[in-house]
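**Q** Contents of input-v2.cif (mmCIF, C-alpha atoms, pLDDT in the B column; chains and numbers go by the auth columns) are below:
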data_work
loop_
_atom_site.group_PDB
_atom_site.id
_atom_site.type_symbol
_atom_site.label_atom_id
_atom_site.label_comp_id
_atom_site.label_asym_id
_atom_site.label_seq_id
_atom_site.Cartn_x
_atom_site.Cartn_y
_atom_site.Cartn_z
_atom_site.B_iso_or_equiv
_atom_site.auth_seq_id
_atom_site.auth_asym_id
ATOM 1 C CA MET A 1 9.049 15.653 -0.301 93.00 763 A
ATOM 2 C CA ILE A 2 6.385 12.971 -0.684 95.00 764 A
ATOM 3 C CA LEU A 3 6.586 9.959 1.641 97.00 765 A
ATOM 4 C CA LEU A 4 5.256 6.831 -0.016 97.00 766 A
ATOM 5 C CA ALA A 5 5.281 3.814 2.309 96.00 767 A
ATOM 6 C CA GLY A 6 4.251 0.234 1.754 96.00 768 A
ATOM 7 C CA LEU A 7 3.308 -1.987 4.675 94.00 769 A
ATOM 8 C CA GLY A 8 4.501 -5.529 5.266 93.00 770 A
ATOM 9 C CA ASN A 9 6.799 -7.700 7.339 92.00 771 A
ATOM 10 C CA PRO A 10 10.566 -7.888 6.682 93.00 772 A
ATOM 11 C CA GLY A 11 12.243 -11.134 5.694 90.00 773 A
ATOM 12 C CA SER A 12 11.975 -13.677 2.895 90.00 774 A
ATOM 13 C CA LYS A 13 9.507 -15.906 4.780 91.00 775 A
ATOM 14 C CA TYR A 14 6.893 -13.132 4.522 90.00 776 A
ATOM 15 C CA SER A 15 7.746 -11.751 1.092 91.00 777 A
ATOM 16 C CA ASN A 16 4.832 -13.354 -0.793 90.00 778 A
ATOM 17 C CA ASN A 17 2.245 -13.012 1.985 91.00 779 A
ATOM 18 C CA ARG A 18 -0.991 -11.126 1.366 88.00 780 A
ATOM 19 C CA HIS A 19 0.056 -8.835 4.221 90.00 781 A
ATOM 20 C CA ASN A 20 3.094 -7.795 2.166 92.00 782 A
ATOM 21 C CA VAL A 21 1.312 -6.465 -0.897 94.00 783 A
ATOM 22 C CA GLY A 22 2.330 -2.948 0.172 95.00 784 A
ATOM 23 C CA PHE A 23 6.009 -3.923 -0.047 96.00 785 A
ATOM 24 C CA MET A 24 5.365 -5.501 -3.460 96.00 786 A
ATOM 25 C CA ALA A 25 3.819 -2.285 -4.758 96.00 787 A
ATOM 26 C CA ILE A 26 6.688 -0.154 -3.433 97.00 788 A
ATOM 27 C CA ASP A 27 9.236 -2.438 -5.122 96.00 789 A
ATOM 28 C CA GLU A 28 7.362 -2.104 -8.416 96.00 790 A
ATOM 29 C CA ILE A 29 7.215 1.698 -8.069 97.00 791 A
ATOM 30 C CA ALA A 30 10.986 1.754 -7.521 97.00 792 A
ATOM 31 C CA ARG A 31 11.494 -0.320 -10.695 96.00 793 A
ATOM 32 C CA GLU A 32 9.011 1.656 -12.793 96.00 794 A
ATOM 33 C CA TRP A 33 10.489 5.048 -11.927 96.00 795 A
ATOM 34 C CA GLY A 34 14.184 4.153 -11.678 94.00 796 A
ATOM 35 C CA PHE A 35 14.721 4.946 -8.001 95.00 797 A
ATOM 36 C CA ALA A 36 18.120 4.870 -6.316 87.00 798 A
ATOM 37 C CA ASN A 37 19.530 1.875 -4.450 92.00 799 A
ATOM 38 C CA TRP A 38 17.867 0.976 -1.170 96.00 800 A
ATOM 39 C CA ARG A 39 19.452 2.069 2.091 94.00 801 A
ATOM 40 C CA LYS A 40 18.541 1.701 5.751 96.00 802 A
ATOM 41 C CA ARG A 41 17.116 4.780 7.479 95.00 803 A
ATOM 42 C CA PHE A 42 14.231 5.516 9.820 95.00 804 A
ATOM 43 C CA GLN A 43 13.975 1.820 10.818 93.00 805 A
ATOM 44 C CA ALA A 44 13.162 1.086 7.187 95.00 806 A
ATOM 45 C CA GLU A 45 14.489 0.302 3.739 95.00 807 A
ATOM 46 C CA THR A 46 14.323 3.602 1.837 97.00 808 A
ATOM 47 C CA SER A 47 14.964 4.844 -1.676 96.00 809 A
ATOM 48 C CA GLU A 48 14.793 8.353 -3.150 96.00 810 A
ATOM 49 C CA GLY A 49 13.747 9.444 -6.614 96.00 811 A
ATOM 50 C CA ARG A 50 11.310 11.569 -8.592 95.00 812 A
ATOM 51 C CA ILE A 51 7.819 10.890 -9.906 95.00 813 A
ATOM 52 C CA GLY A 52 6.007 13.415 -12.060 87.00 814 A
ATOM 53 C CA GLY A 53 8.148 16.301 -10.869 88.00 815 A
ATOM 54 C CA HIS A 54 7.798 15.382 -7.183 94.00 816 A
ATOM 55 C CA LYS A 55 10.690 14.321 -4.985 96.00 817 A
ATOM 56 C CA VAL A 56 9.629 11.040 -3.373 96.00 818 A
ATOM 57 C CA LEU A 57 10.939 8.889 -0.534 97.00 819 A
ATOM 58 C CA LEU A 58 9.906 5.250 -0.832 97.00 820 A
ATOM 59 C CA MET A 59 9.779 3.353 2.429 97.00 821 A
ATOM 60 C CA LYS A 60 9.407 -0.264 3.571 97.00 822 A
ATOM 61 C CA PRO A 61 9.427 -0.318 7.404 96.00 823 A
ATOM 62 C CA THR A 62 11.567 -3.032 8.986 95.00 824 A
ATOM 63 C CA THR A 63 9.768 -2.781 12.326 92.00 825 A
ATOM 64 C CA TYR A 64 7.207 -5.469 11.403 89.00 826 A
ATOM 65 C CA MET A 65 3.666 -4.518 10.503 88.00 827 A
ATOM 66 C CA ASN A 66 2.400 -3.824 14.024 89.00 828 A
ATOM 67 C CA GLU A 67 5.017 -1.106 14.657 92.00 829 A
ATOM 68 C CA SER A 68 4.981 0.599 11.238 92.00 830 A
ATOM 69 C CA GLY A 69 4.104 3.946 12.823 91.00 831 A
ATOM 70 C CA ARG A 70 7.499 4.205 14.511 94.00 832 A
ATOM 71 C CA SER A 71 9.258 4.160 11.163 95.00 833 A
ATOM 72 C CA LEU A 72 6.930 6.604 9.422 95.00 834 A
ATOM 73 C CA GLY A 73 6.979 8.863 12.456 95.00 835 A
ATOM 74 C CA GLU A 74 10.757 9.231 12.264 95.00 836 A
ATOM 75 C CA ALA A 75 10.665 10.155 8.567 95.00 837 A
ATOM 76 C CA VAL A 76 7.786 12.610 8.979 95.00 838 A
ATOM 77 C CA LYS A 77 9.611 14.346 11.826 95.00 839 A
ATOM 78 C CA PHE A 78 12.953 14.441 9.966 96.00 840 A
ATOM 79 C CA TYR A 79 11.457 16.024 6.830 96.00 841 A
ATOM 80 C CA ASN A 80 8.845 18.068 8.726 95.00 842 A
ATOM 81 C CA LEU A 81 6.102 16.656 6.508 95.00 843 A
ATOM 82 C CA ASN A 82 2.393 17.378 6.589 93.00 844 A
ATOM 83 C CA LEU A 83 0.077 14.370 6.598 94.00 845 A
ATOM 84 C CA ASP A 84 -1.080 15.470 3.143 93.00 846 A
ATOM 85 C CA ASP A 85 2.407 14.440 1.957 95.00 847 A
ATOM 86 C CA VAL A 86 2.101 10.895 3.359 96.00 848 A
ATOM 87 C CA TYR A 87 0.767 7.954 1.313 96.00 849 A
ATOM 88 C CA VAL A 88 0.503 4.391 2.609 96.00 850 A
ATOM 89 C CA ILE A 89 -0.117 1.284 0.484 95.00 851 A
ATOM 90 C CA HIS A 90 -1.512 -1.714 2.350 92.00 852 A
ATOM 91 C CA ASP A 91 -3.643 -4.850 2.196 90.00 853 A
ATOM 92 C CA GLU A 92 -7.367 -4.482 2.922 88.00 854 A
ATOM 93 C CA LEU A 93 -9.559 -7.314 4.212 84.00 855 A
ATOM 94 C CA ALA A 94 -12.735 -5.287 3.705 83.00 856 A
ATOM 95 C CA LEU A 95 -12.267 -5.222 -0.080 88.00 857 A
ATOM 96 C CA PRO A 96 -12.644 -8.201 -2.447 87.00 858 A
ATOM 97 C CA ALA A 97 -9.398 -9.634 -3.753 86.00 859 A
ATOM 98 C CA GLY A 98 -8.085 -7.450 -6.551 86.00 860 A
ATOM 99 C CA LYS A 99 -10.141 -4.349 -5.868 90.00 861 A
ATOM 100 C CA MET A 100 -8.176 -1.161 -5.121 92.00 862 A
ATOM 101 C CA ARG A 101 -9.522 1.952 -3.417 93.00 863 A
ATOM 102 C CA THR A 102 -7.990 5.200 -2.180 93.00 864 A
ATOM 103 C CA LYS A 103 -8.950 6.814 1.101 91.00 865 A
ATOM 104 C CA THR A 104 -7.866 9.694 3.328 91.00 866 A
ATOM 105 C CA GLY A 105 -8.345 9.325 7.070 82.00 867 A
ATOM 106 C CA GLY A 106 -10.846 6.996 8.684 75.00 868 A
ATOM 107 C CA GLY A 107 -10.547 3.865 10.786 70.00 869 A
ATOM 108 C CA HIS A 108 -7.953 1.101 10.668 69.00 870 A
ATOM 109 C CA ALA A 109 -10.418 -1.710 9.746 65.00 871 A
ATOM 110 C CA GLY A 110 -8.406 -4.167 11.833 67.00 872 A
ATOM 111 C CA ASN A 111 -5.098 -3.482 10.055 73.00 873 A
ATOM 112 C CA ASN A 112 -2.511 -3.202 12.821 77.00 874 A
ATOM 113 C CA GLY A 113 -0.065 -1.370 10.581 87.00 875 A
ATOM 114 C CA ILE A 114 -2.594 1.384 9.986 87.00 876 A
ATOM 115 C CA ARG A 115 -3.488 1.334 13.680 89.00 877 A
ATOM 116 C CA SER A 116 0.169 1.968 14.540 92.00 878 A
ATOM 117 C CA ILE A 117 0.543 4.779 11.988 93.00 879 A
ATOM 118 C CA LYS A 118 -2.609 6.468 13.282 90.00 880 A
ATOM 119 C CA SER A 119 -1.227 6.346 16.834 89.00 881 A
ATOM 120 C CA HIS A 120 2.030 8.029 15.753 91.00 882 A
ATOM 121 C CA LEU A 121 0.822 10.464 13.090 92.00 883 A
ATOM 122 C CA GLY A 122 -2.916 10.983 13.416 89.00 884 A
ATOM 123 C CA ASP A 123 -5.611 10.142 10.885 88.00 885 A
ATOM 124 C CA ASP A 124 -5.315 12.341 7.813 90.00 886 A
ATOM 125 C CA PHE A 125 -2.719 10.517 5.711 93.00 887 A
ATOM 126 C CA HIS A 126 -3.660 9.026 2.342 95.00 888 A
ATOM 127 C CA ARG A 127 -4.105 5.308 1.770 93.00 889 A
ATOM 128 C CA VAL A 128 -4.057 2.975 -1.201 95.00 890 A
ATOM 129 C CA ARG A 129 -6.016 -0.086 -0.102 93.00 891 A
ATOM 130 C CA ILE A 130 -5.455 -3.293 -2.066 93.00 892 A
ATOM 131 C CA GLY A 131 -8.176 -5.855 -1.440 89.00 893 A
ATOM 132 C CA VAL A 132 -7.079 -9.329 -0.368 83.00 894 A
ATOM 133 C CA GLY A 133 -10.556 -10.575 0.524 78.00 895 A
ATOM 134 C CA HIS A 134 -11.846 -11.824 3.875 76.00 896 A
ATOM 135 C CA PRO A 135 -11.590 -15.485 4.883 69.00 897 A
ATOM 136 C CA GLY A 136 -15.143 -15.392 6.245 73.00 898 A
ATOM 137 C CA ASN A 137 -14.360 -16.056 9.894 76.00 899 A
ATOM 138 C CA LYS A 138 -12.673 -13.522 12.169 76.00 900 A
ATOM 139 C CA GLN A 139 -10.522 -16.210 13.766 76.00 901 A
ATOM 140 C CA ASP A 140 -9.020 -17.040 10.373 76.00 902 A
ATOM 141 C CA VAL A 141 -7.906 -13.486 9.559 78.00 903 A
ATOM 142 C CA SER A 142 -4.305 -13.756 10.821 78.00 904 A
ATOM 143 C CA GLN A 143 -3.742 -17.008 8.983 79.00 905 A
ATOM 144 C CA HIS A 144 -5.265 -15.526 5.820 82.00 906 A
ATOM 145 C CA VAL A 145 -3.065 -12.424 5.637 84.00 907 A
ATOM 146 C CA LEU A 146 0.101 -14.292 6.642 86.00 908 A
ATOM 147 C CA LYS A 147 -0.328 -16.843 3.857 87.00 909 A
ATOM 148 C CA ASP A 148 1.107 -16.408 0.386 88.00 910 A
ATOM 149 C CA PHE A 149 -1.187 -15.221 -2.375 89.00 911 A
ATOM 150 C CA SER A 150 -3.009 -18.139 -4.000 88.00 912 A
ATOM 151 C CA LYS A 151 -2.563 -19.242 -7.625 89.00 913 A
ATOM 152 C CA SER A 152 -5.879 -17.605 -8.526 87.00 914 A
ATOM 153 C CA ASP A 153 -4.677 -14.321 -6.992 89.00 915 A
ATOM 154 C CA GLN A 154 -1.659 -14.239 -9.305 90.00 916 A
ATOM 155 C CA VAL A 155 -3.971 -13.412 -12.234 90.00 917 A
ATOM 156 C CA TRP A 156 -4.770 -9.946 -10.865 92.00 918 A
ATOM 157 C CA LEU A 157 -1.827 -9.308 -8.515 93.00 919 A
ATOM 158 C CA GLY A 158 0.808 -8.475 -11.126 93.00 920 A
ATOM 159 C CA PRO A 159 -1.453 -6.209 -13.226 93.00 921 A
ATOM 160 C CA THR A 160 -2.628 -4.384 -10.088 93.00 922 A
ATOM 161 C CA ILE A 161 0.782 -3.465 -8.689 95.00 923 A
ATOM 162 C CA GLU A 162 2.105 -2.663 -12.169 95.00 924 A
ATOM 163 C CA GLU A 163 -0.748 -0.256 -12.865 95.00 925 A
ATOM 164 C CA ILE A 164 -0.497 1.325 -9.408 95.00 926 A
ATOM 165 C CA ALA A 165 3.184 2.036 -10.146 96.00 927 A
ATOM 166 C CA LYS A 166 2.433 3.362 -13.624 95.00 928 A
ATOM 167 C CA GLN A 167 -0.278 5.742 -12.391 95.00 929 A
ATOM 168 C CA MET A 168 1.663 7.151 -9.418 96.00 930 A
ATOM 169 C CA PRO A 169 1.839 10.705 -10.891 96.00 931 A
ATOM 170 C CA LEU A 170 -1.959 10.944 -10.637 95.00 932 A
ATOM 171 C CA LEU A 171 -1.983 9.770 -7.022 95.00 933 A
ATOM 172 C CA ILE A 172 0.704 12.089 -5.676 93.00 934 A
ATOM 173 C CA SER A 173 -0.790 15.027 -7.583 91.00 935 A
ATOM 174 C CA GLY A 174 -4.021 14.520 -5.644 91.00 936 A
ATOM 175 C CA GLU A 175 -6.043 13.180 -8.589 93.00 937 A
ATOM 176 C CA PHE A 176 -7.389 10.280 -6.549 94.00 938 A
ATOM 177 C CA SER A 177 -10.484 9.519 -8.625 93.00 939 A
ATOM 178 C CA SER A 178 -8.507 9.426 -11.867 95.00 940 A
ATOM 179 C CA PHE A 179 -5.842 7.241 -10.265 95.00 941 A
ATOM 180 C CA GLN A 180 -8.431 4.835 -8.914 92.00 942 A
ATOM 181 C CA ASN A 181 -10.313 4.653 -12.218 92.00 943 A
ATOM 182 C CA LYS A 182 -7.166 4.074 -14.287 93.00 944 A
ATOM 183 C CA VAL A 183 -6.100 1.186 -12.055 93.00 945 A
ATOM 184 C CA HIS A 184 -9.619 -0.274 -12.033 92.00 946 A
ATOM 185 C CA LEU A 185 -9.919 -0.214 -15.835 91.00 947 A
ATOM 186 C CA ALA A 186 -6.536 -1.871 -16.263 90.00 948 A
ATOM 187 C CA VAL A 187 -7.197 -4.638 -13.745 87.00 949 A
ATOM 188 C CA VAL A 188 -10.903 -5.337 -14.303 86.00 950 A
ATOM 189 C CA PRO A 189 -10.338 -7.829 -17.176 84.00 951 A
ATOM 190 C CA PHE A 190 -8.347 -10.057 -14.801 82.00 952 A
ATOM 191 C CA LEU A 191 -10.986 -10.227 -12.046 79.00 953 A
ATOM 192 C CA PRO A 192 -13.803 -12.769 -11.666 69.00 954 A
ATOM 193 C CA GLU A 193 -17.102 -11.240 -12.781 61.00 955 A
ATOM 194 C CA GLN A 194 -18.732 -11.511 -9.353 44.00 956 A
ATOM 195 C CA LYS A 195 -16.089 -9.188 -7.889 42.00 957 A
ATOM 196 C CA LEU A 196 -16.839 -6.312 -10.205 40.00 958 A
ATOM 197 C CA ASP A 197 -19.081 -3.640 -8.774 45.00 959 A
ATOM 198 C CA ASN A 198 -19.195 0.119 -8.501 44.00 960 A
ATOM 199 C CA LYS A 199 -20.236 0.427 -4.891 44.00 961 A
ATOM 200 C CA LYS A 200 -18.468 3.075 -2.871 45.00 962 A
ATOM 201 C CA ASP A 201 -16.362 1.544 -0.100 49.00 963 A
ATOM 202 C CA ASN A 202 -16.043 3.216 3.274 47.00 964 A
#
Could you express the structure from this file as C-alpha cells?
**A**
Amino acid sequence: MILLAGLGNPGSKYSNNRHNVGFMAIDEIAREWGFANWRKRFQAETSEGRIGGHKVLLMKPTTYMNESGRSLGEAVKFYNLNLDDVYVIHDELALPAGKMRTKTGGGHAGNNGIRSIKSHLGDDFHRVRIGVGHPGNKQDVSQHVLKDFSKSDQVWLGPTIEEIAKQMPLLISGEFSSFQNKVHLAVVPFLPEQKLDNKKDN
C-alpha cells in the first residue's frame, strides 16, 4: 500500500487557498486514475485505487493543517507502512510560484503540516513541494497562504496539478528525477520567464 496525502484545511472557505494546493492535487489524482468514492477514516477523507500497478490510499486530513500528523499516523499504523511508502503533497513558500520539487526528509521550512507529520512519523517520508511564492515579509506569511490563489496563479495552477496527477506512476515507482522533469517541462510554458531556473532547491 502507498499512502499519498495532500495537505490543506477542511471546509469550503479554505478550498481555494494556497495552503490547500495539496488537497487540489489529491482531488485531481482521484479524477485522473478513477479512484473510489471518498469515505471518512483516520480523521481524513480517503479513497482507494490503483496507480501503475500499486495499490494507493489517497488522503485529505480533516484535522486542519497543523495536526495533519495525527491523521497520517493512524493510517501508517493501521497498514504497518514504512516511511518509504508515504508521499505528502503540500504548498512550499521557499519555492517560486509554480515551481515543483520532490524531496525526501529534511526540515519543515515553516510548514506546520509537515512539522506535525515529522513529529508523528519521523523525517524520511517523501514530499512533493508545490511553490506558492513568499510574500516577502515573515509577518505576511499566514495571510499569504490562507488567501485564494491569484488570477495570475491560475495560469500555472491547473497545468501543474494535472501533470502531477498524470505522472504519478513515476513518483510512486521512485523515479523522482523523471517525475520532476516531466512536470517541469509541461508547466514551464505557463510560468513567467524570471521564475525559470535550474538551481537545486534544498
**Q** So, with all atoms listed in the file as the atoms that count, which of A:Ser939, A:Gly835, A:Ala856, A:Ala767 lies closest to Ala787 of chain A?
**A** A:Ala767
**Q** Have a look at atom CA of Leu953 of chain A and atom CA of Leu933 of chain A and let me know their distance in Å, one decimal.
**A**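 Atom CA of Leu933 of chain A lies 22.5 Å from atom CA of Leu953 of chain A.
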**Q** Counting only C-alpha atoms, find the residues whose atoms lie at most 10 Å from (3.6, -5.1, 0.4) (file coordinates) and write them out as a CSV table (one decimal) with C-alpha atoms, keeping the file's coordinate frame.
**A**
chain,number,residue,atom,x,y,z
A,767,ALA,CA,5.3,3.8,2.3
A,768,GLY,CA,4.3,0.2,1.8
A,769,LEU,CA,3.3,-2.0,4.7
A,770,GLY,CA,4.5,-5.5,5.3
A,771,ASN,CA,6.8,-7.7,7.3
A,772,PRO,CA,10.6,-7.9,6.7
A,776,TYR,CA,6.9,-13.1,4.5
A,777,SER,CA,7.7,-11.8,1.1
A,778,ASN,CA,4.8,-13.4,-0.8
A,779,ASN,CA,2.2,-13.0,2.0
A,780,ARG,CA,-1.0,-11.1,1.4
A,781,HIS,CA,0.1,-8.8,4.2
A,782,ASN,CA,3.1,-7.8,2.2
A,783,VAL,CA,1.3,-6.5,-0.9
A,784,GLY,CA,2.3,-2.9,0.2
A,785,PHE,CA,6.0,-3.9,0.0
A,786,MET,CA,5.4,-5.5,-3.5
A,787,ALA,CA,3.8,-2.3,-4.8
A,788,ILE,CA,6.7,-0.2,-3.4
A,789,ASP,CA,9.2,-2.4,-5.1
A,822,LYS,CA,9.4,-0.3,3.6
A,851,ILE,CA,-0.1,1.3,0.5
A,852,HIS,CA,-1.5,-1.7,2.4
A,853,ASP,CA,-3.6,-4.8,2.2
A,892,ILE,CA,-5.5,-3.3,-2.1
A,923,ILE,CA,0.8,-3.5,-8.7
**Q** For a test of reading the model, state the distance in Å between atom CA of Gly860 of chain A and atom CA of Trp918 of chain A, rounded to one decimal.
**A**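 Pair atom CA of Gly860 of chain A / atom CA of Trp918 of chain A returns 6.0 Å.
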**Q** Taking the file as shown, what set of residues would the PyMOL selection byres ((chain A and resi 825) around 12) give back, as a list in words?
**A**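 Selection result, ordered by chain and number: Leu769, Gly770, Asn771, Pro772, Gly773, Lys802, Arg803, Phe804, Gln805, Ala806, Glu807, Met821, Lys822, Pro823, Thr824, Tyr826, Met827, Asn828, Glu829, Ser830, Gly831, Arg832, Ser833, Leu834, Gly835, Gly875, Ser878 and Ile879 of chain A.
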**Q** Could you check which of A:Ala792, A:Leu932, A:Val950, A:Leu883 is closest to Asn844 of chain A, using only C-alpha atoms?
**A**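 The shortest atom-to-atom distance to Asn844 of chain A comes from A:Leu883.
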**Q** Just so the selection is clear, what residues does the PyMOL selection byres ((chain A and resi 848) around 7) cover here, as a compact mmCIF listing (two decimals) with C-alpha atoms, keeping the file's coordinate frame?
**A**
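part.txt, written as the output of this step:
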# COMPACT_ATOMS: atom_id res chain seq x y z
CA ILE A 764 6.38 12.97 -0.68
CA LEU A 765 6.59 9.96 1.64
CA LEU A 766 5.26 6.83 -0.02
CA LEU A 845 0.08 14.37 6.60
CA ASP A 846 -1.08 15.47 3.14
CA ASP A 847 2.41 14.44 1.96
CA TYR A 849 0.77 7.95 1.31
CA VAL A 850 0.50 4.39 2.61
CA PHE A 887 -2.72 10.52 5.71
CA HIS A 888 -3.66 9.03 2.34
**Q** From the options A:Met862, A:Ile791, A:Met763, A:Met930, which residue's atoms come nearest to Asn943 of chain A, counting all atoms listed in the file?
**A** A:Met862
**Q** Return the single residue from A:Ser881, A:His816, A:Asn873, A:Val903 that is closest to Gly936 of chain A, with distances computed using only C-alpha atoms.
**A** A:His816
**Q** What does the distance between atom CA of Gln916 of chain A and atom CA of Ala859 of chain A come to in Å, to one decimal place?
**A**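 It comes out at 10.6 Å.
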**Q** Arg812 of chain A: which residues within 10 Å, counting all atoms listed in the file, same-chain residues fewer than 2 positions away excluded, as JSON, numbers by chain?
**A** {"A": [763, 764, 792, 795, 796, 797, 798, 810, 814, 815, 816, 817, 818, 819, 931]}
**Q** Deliver the residues from the most recent selection as a file, using C-alpha atoms, as a PDB file, keeping the file's coordinate frame.
**A**
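part10.pdb was written with the following content:
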ATOM      1  CA  MET A 763       9.049  15.653  -0.301  1.00 93.00           C
ATOM      2  CA  ILE A 764       6.385  12.971  -0.684  1.00 95.00           C
ATOM      3  CA  ALA A 792      10.986   1.754  -7.521  1.00 97.00           C
ATOM      4  CA  TRP A 795      10.489   5.048 -11.927  1.00 96.00           C
ATOM      5  CA  GLY A 796      14.184   4.153 -11.678  1.00 94.00           C
ATOM      6  CA  PHE A 797      14.721   4.946  -8.001  1.00 95.00           C
ATOM      7  CA  ALA A 798      18.120   4.870  -6.316  1.00 87.00           C
ATOM      8  CA  GLU A 810      14.793   8.353  -3.150  1.00 96.00           C
ATOM      9  CA  GLY A 814       6.007  13.415 -12.060  1.00 87.00           C
ATOM     10  CA  GLY A 815       8.148  16.301 -10.869  1.00 88.00           C
ATOM     11  CA  HIS A 816       7.798  15.382  -7.183  1.00 94.00           C
ATOM     12  CA  LYS A 817      10.690  14.321  -4.985  1.00 96.00           C
ATOM     13  CA  VAL A 818       9.629  11.040  -3.373  1.00 96.00           C
ATOM     14  CA  LEU A 819      10.939   8.889  -0.534  1.00 97.00           C
ATOM     15  CA  PRO A 931       1.839  10.705 -10.891  1.00 96.00           C
TER      16      PRO A 931
END
**Q** Report as JSON the centre and the edge lengths, in Å to one decimal, of the axis-aligned box holding every listed atom of segment 882-896 of chain A, padded by 6 Å on each side.
**A**
{"center_x": -4.9, "center_y": 0.3, "center_z": 6.8, "size_x": 25.9, "size_y": 36.2, "size_z": 29.8}
